[in-house]
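Trainee: Just so it is clear, I am handing over my_file_37.cif, which has mmCIF, C-alpha atoms.
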```
data_my_file
loop_
_atom_site.label_atom_id
_atom_site.label_comp_id
_atom_site.auth_asym_id
_atom_site.auth_seq_id
_atom_site.Cartn_x
_atom_site.Cartn_y
_atom_site.Cartn_z
CA MET A 1216 121.71 124.82 131.50
CA ARG A 1217 118.23 126.04 131.43
CA HIS A 1218 118.95 128.18 128.49
CA SER A 1219 120.28 125.38 126.32
CA ALA A 1220 116.94 123.53 126.06
CA PRO A 1221 115.09 126.33 124.26
CA ILE A 1222 118.07 126.91 121.98
CA ALA A 1223 118.31 123.19 121.15
CA ARG A 1224 114.59 123.14 120.42
CA ALA A 1225 114.91 126.19 118.15
CA VAL A 1226 117.87 124.63 116.34
CA SER A 1227 116.02 121.36 115.82
CA VAL A 1228 112.93 123.20 114.49
CA ALA A 1229 115.12 125.22 112.11
CA LEU A 1230 116.91 122.07 110.93
CA LEU A 1231 113.58 120.28 110.37
CA ALA A 1232 112.25 123.27 108.42
CA THR A 1233 115.40 123.36 106.23
CA VAL A 1234 115.14 119.64 105.42
CA THR A 1235 111.41 119.97 104.62
CA ILE A 1236 112.01 122.94 102.30
CA ALA A 1237 114.89 121.15 100.57
CA ALA A 1238 112.82 117.97 100.10
CA THR A 1239 109.80 119.75 98.62
CA GLY A 1240 111.68 122.50 96.83
CA GLY A 1241 113.12 120.35 94.08
CA CYS A 1242 116.55 119.56 95.46
CA SER A 1243 118.15 116.89 93.29
CA TRP A 1244 119.12 114.80 96.34
CA PHE A 1245 115.48 113.83 96.83
CA HIS A 1246 114.28 113.75 93.18
CA LYS A 1247 116.89 111.82 91.22
CA GLY A 1248 114.39 110.14 88.83
CA ALA A 1249 112.26 113.21 87.99
CA ARG A 1250 114.21 114.77 85.10
CA GLY A 1251 112.52 116.33 82.06
CA ASP A 1252 113.32 116.47 78.35
CA TYR A 1253 115.74 119.28 79.02
CA ALA A 1254 118.17 116.77 80.57
CA LEU A 1255 118.35 114.70 77.35
CA PRO A 1256 121.19 115.19 74.86
CA ALA A 1257 120.45 117.94 72.31
CA GLU A 1258 119.85 115.52 69.43
CA MET A 1259 117.22 113.57 71.39
CA ARG A 1260 115.17 116.51 72.65
CA PRO A 1261 111.77 117.05 70.99
CA LEU A 1262 111.63 119.81 68.38
CA GLU A 1263 109.95 122.99 69.54
CA VAL A 1264 108.44 125.18 66.81
CA PRO A 1265 107.24 128.70 67.62
CA PRO A 1266 103.42 128.97 67.39
CA ASP A 1267 103.45 131.47 64.51
CA LEU A 1268 105.47 129.03 62.35
CA ASN A 1269 103.12 126.06 62.77
CA LEU A 1270 100.38 127.18 60.38
CA PRO A 1271 100.49 129.13 57.10
CA ASN A 1272 99.04 132.62 56.98
CA THR A 1273 95.46 132.27 55.68
CA ALA A 1274 94.25 135.76 56.50
CA GLY A 1275 93.11 136.64 52.95
CA ALA A 1276 92.30 133.14 51.69
CA MET A 1277 88.52 133.41 51.80
CA GLN A 1278 87.95 136.89 50.40
CA VAL A 1279 85.24 137.17 47.76
CA PRO A 1280 86.17 139.27 44.72
CA ALA A 1281 84.38 142.58 44.48
CA LEU A 1282 81.80 143.16 41.76
CA ALA A 1283 81.88 146.17 39.52
CA SER A 1284 80.11 149.20 40.98
CA SER A 1285 77.56 149.31 38.15
CA GLY A 1286 76.05 145.99 39.18
CA GLN A 1287 77.53 144.24 36.14
CA PRO A 1288 79.41 140.95 36.62
CA ALA A 1289 83.15 141.00 37.04
CA ALA A 1290 85.25 141.73 33.95
CA ALA A 1291 86.16 138.06 33.45
CA ALA A 1292 82.55 137.12 32.62
CA ARG A 1293 81.97 140.01 30.22
CA ALA A 1294 83.09 140.01 26.63
CA PRO A 1295 86.66 141.24 26.25
CA ALA A 1296 87.16 144.60 24.65
CA ALA A 1297 87.28 144.55 20.88
CA THR A 1298 90.88 144.37 19.72
CA GLY A 1299 92.67 143.43 16.54
CA ASN A 1300 93.21 139.89 17.77
CA GLY A 1301 89.66 138.85 18.76
CA PHE A 1302 85.91 139.17 18.20
CA THR A 1303 82.63 137.96 19.69
CA ALA A 1304 80.52 135.44 17.76
CA ALA A 1305 76.93 134.40 18.47
CA GLY A 1306 76.39 130.85 19.73
CA SER A 1307 77.65 128.48 22.39
CA ARG A 1308 81.34 127.73 22.71
CA ASP A 1309 80.99 124.27 21.14
CA GLU A 1310 78.99 125.60 18.18
CA VAL A 1311 81.46 128.41 17.53
CA PHE A 1312 84.41 126.02 18.01
CA ALA A 1313 83.04 123.80 15.21
CA LYS A 1314 82.47 126.84 12.94
CA VAL A 1315 86.00 128.14 13.63
CA GLY A 1316 87.44 124.70 12.77
CA ASP A 1317 85.60 124.66 9.44
CA ALA A 1318 86.61 128.25 8.68
CA LEU A 1319 90.29 127.58 9.52
CA ALA A 1320 90.29 124.56 7.21
CA SER A 1321 88.95 126.72 4.35
CA ILE A 1322 91.54 129.52 4.67
CA PRO A 1323 94.56 128.94 2.38
CA GLY A 1324 97.93 128.76 4.15
CA VAL A 1325 96.51 127.75 7.56
CA THR A 1326 97.96 124.60 9.10
CA ILE A 1327 96.08 123.16 12.10
CA ALA A 1328 98.69 121.31 14.17
CA SER A 1329 96.18 120.21 16.83
CA ARG A 1330 92.75 120.99 18.18
CA ALA A 1331 91.52 120.65 21.76
CA GLN A 1332 87.77 121.02 22.03
CA LEU A 1333 87.74 120.73 25.84
CA LEU A 1334 90.16 123.66 26.01
CA GLY A 1335 88.51 125.46 23.11
CA SER A 1336 91.78 125.98 21.23
CA PHE A 1337 93.43 125.32 17.88
CA ASP A 1338 97.22 125.24 17.52
CA VAL A 1339 97.76 126.81 14.10
CA GLY A 1340 100.54 127.92 11.81
CA TYR A 1341 99.89 130.80 9.43
CA GLU A 1342 102.33 132.84 7.36
CA GLY A 1343 105.34 131.58 9.33
CA ALA A 1344 103.83 132.28 12.76
CA ASN A 1345 102.63 129.66 15.26
CA PHE A 1346 99.92 130.61 17.75
CA LEU A 1347 96.65 129.46 19.30
CA VAL A 1348 93.16 130.38 18.19
CA ARG A 1349 90.98 130.20 21.30
CA VAL A 1350 87.21 130.10 21.71
CA VAL A 1351 85.91 131.15 25.14
CA SER A 1352 82.33 131.47 26.46
CA VAL A 1353 81.21 135.00 27.36
CA GLU A 1354 77.82 136.61 28.09
CA ALA A 1355 77.27 137.69 24.49
CA GLY A 1356 78.16 134.27 23.00
CA SER A 1357 81.72 133.16 22.37
CA TYR A 1358 84.94 135.14 22.08
CA VAL A 1359 87.41 134.05 19.39
CA SER A 1360 90.97 135.32 19.79
CA ALA A 1361 94.61 134.66 18.90
CA VAL A 1362 97.04 133.88 21.71
CA ASP A 1363 100.83 133.64 21.49
CA PRO A 1364 102.85 130.79 23.11
CA ARG A 1365 103.26 132.85 26.31
CA GLY A 1366 99.49 133.05 26.74
CA LEU A 1367 99.33 136.75 25.83
CA PRO A 1368 97.21 138.23 23.02
CA ALA A 1369 98.96 137.64 19.69
CA THR A 1370 99.32 141.04 18.05
CA ASP A 1371 101.73 140.21 15.21
CA ALA A 1372 100.61 140.70 11.61
CA ALA A 1373 99.80 137.02 10.86
CA PRO A 1374 97.49 136.41 13.88
CA VAL A 1375 95.68 139.71 13.34
CA LYS A 1376 95.19 138.91 9.64
CA LEU A 1377 93.86 135.40 10.43
CA ILE A 1378 91.43 136.69 13.08
CA THR A 1379 90.17 139.30 10.58
CA GLU A 1380 89.54 136.55 8.02
CA LEU A 1381 87.81 134.36 10.63
CA LYS A 1382 85.62 137.29 11.63
CA ALA A 1383 84.58 137.82 8.00
CA LYS A 1384 83.81 134.11 7.51
CA LEU A 1385 81.82 133.77 10.77
CA GLY A 1386 80.05 137.10 10.44
CA GLY A 1387 81.30 138.25 13.88
#
```
Represent the structure from my file as structure tokens, please.
Mentor:
Amino acid sequence: MRHSAPIARAVSVALLATVTIAATGGCSWFHKGARGDYALPAEMRPLEVPPDLNLPNTAGAMQVPALASSGQPAAAARAPAATGNGFTAAGSRDEVFAKVGDALASIPGVTIASRAQLLGSFDVGYEGANFLVRVVSVEAGSYVSAVDPRGLPATDAAPVKLITELKAKLGG
């Protein structure tokens, strides 16, 4: 019987170690109240969004536009190239806008539907065509041009003819 005491002691130590490991290892017998969100029904679980979908991509949002290599300002600030549908006139935008309004009123066949001084534009009808006459500030003064309803340069015969007449009247 001498041999049974050390065996019983070894069995009791092993049983105590098993119970301790089970109790601290997360066995559900000992932790019935400690359940996480994963145990909730699917419609009650919190929404998890992957980190790359949380914020919009703003990698190029703060890039400064490059200047021309010659040291001149960007093309938007310079006078547009001379075309058949525009010209540069001396004076501030408001001064040239007033002159263009007077000149349009003196040209036969021109109908001014509306004028918007804040936008620098006249909505005109001339020889069956409807378009805008715009006055924009540039380095050399103000640029007067004809623009079609899509916002593109108006290159039809009527706008080109009207811009030519305006140029002659304003001395541009």
Trainee: I'd like the residues picked by the PyMOL selection byres ((chain A and resi 1347) around 6) written out as a VMD selection string, using the chain letters and numbers from the file.
Mentor: chain A and resid 1337 to 1339 1346 1348 1361 to 1362
Trainee: How would you write, as a list of chain:residue names, the residues chosen by the PyMOL selection byres ((chain A and resi 1341) around 10) on this structure?
Mentor: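 Answer for the PyMOL selection byres ((chain A and resi 1341) around 10): A:Ile1322, A:Pro1323, A:Gly1324, A:Val1325, A:Thr1326, A:Ile1327, A:Val1339, A:Gly1340, A:Glu1342, A:Gly1343, A:Ala1344, A:Asn1345, A:Phe1346, A:Ala1373, A:Pro1374, A:Lys1376, A:Leu1377.
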Trainee: Please save C-alpha atoms of the selected residues as a JSON list (two decimals), keeping the file's coordinate frame.
Mentor:
```json
[["chain", "number", "residue", "atom", "x", "y", "z"],
["A", 1322, "ILE", "CA", 91.54, 129.52, 4.67],
["A", 1323, "PRO", "CA", 94.56, 128.94, 2.38],
["A", 1324, "GLY", "CA", 97.93, 128.76, 4.15],
["A", 1325, "VAL", "CA", 96.51, 127.75, 7.56],
["A", 1326, "THR", "CA", 97.96, 124.60, 9.10],
["A", 1327, "ILE", "CA", 96.08, 123.16, 12.10],
["A", 1339, "VAL", "CA", 97.76, 126.81, 14.10],
["A", 1340, "GLY", "CA", 100.54, 127.92, 11.81],
["A", 1342, "GLU", "CA", 102.33, 132.84, 7.36],
["A", 1343, "GLY", "CA", 105.34, 131.58, 9.33],
["A", 1344, "ALA", "CA", 103.83, 132.28, 12.76],
["A", 1345, "ASN", "CA", 102.63, 129.66, 15.26],
["A", 1346, "PHE", "CA", 99.92, 130.61, 17.75],
["A", 1373, "ALA", "CA", 99.80, 137.02, 10.86],
["A", 1374, "PRO", "CA", 97.49, 136.41, 13.88],
["A", 1376, "LYS", "CA", 95.19, 138.91, 9.64],
["A", 1377, "LEU", "CA", 93.86, 135.40, 10.43]]
```
Trainee: Can you tell me, as a list in words, what residues are no more than 8 Å from Ser1352 of chain A when counting all atoms listed in the file, ignoring any on the same chain fewer than 6 positions away?
Mentor: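 The filter keeps Ser1307, Arg1308 and Tyr1358 of chain A.
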Trainee: Using all atoms listed in the file, which residue out of A:Pro1261, A:Gly1306, A:Gly1301, A:Gly1251 lies closest to Val1359 of chain A?
Mentor: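 Using all atoms listed in the file, Val1359 of chain A sits closest to A:Gly1301.
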Trainee: Convert the output of the PyMOL selection byres ((chain A and resi 1386) around 10) on the shown file into explicit residues, formatted as a list in words.
Mentor: Phe1302, Thr1303, Ala1304, Ala1305, Glu1380, Leu1381, Lys1382, Ala1383, Lys1384, Leu1385 and Gly1387 of chain A
Trainee: Between atom CA of Ser1357 of chain A and atom CA of Glu1310 of chain A, what is the spacing in Å?
Mentor: 9.1 Å
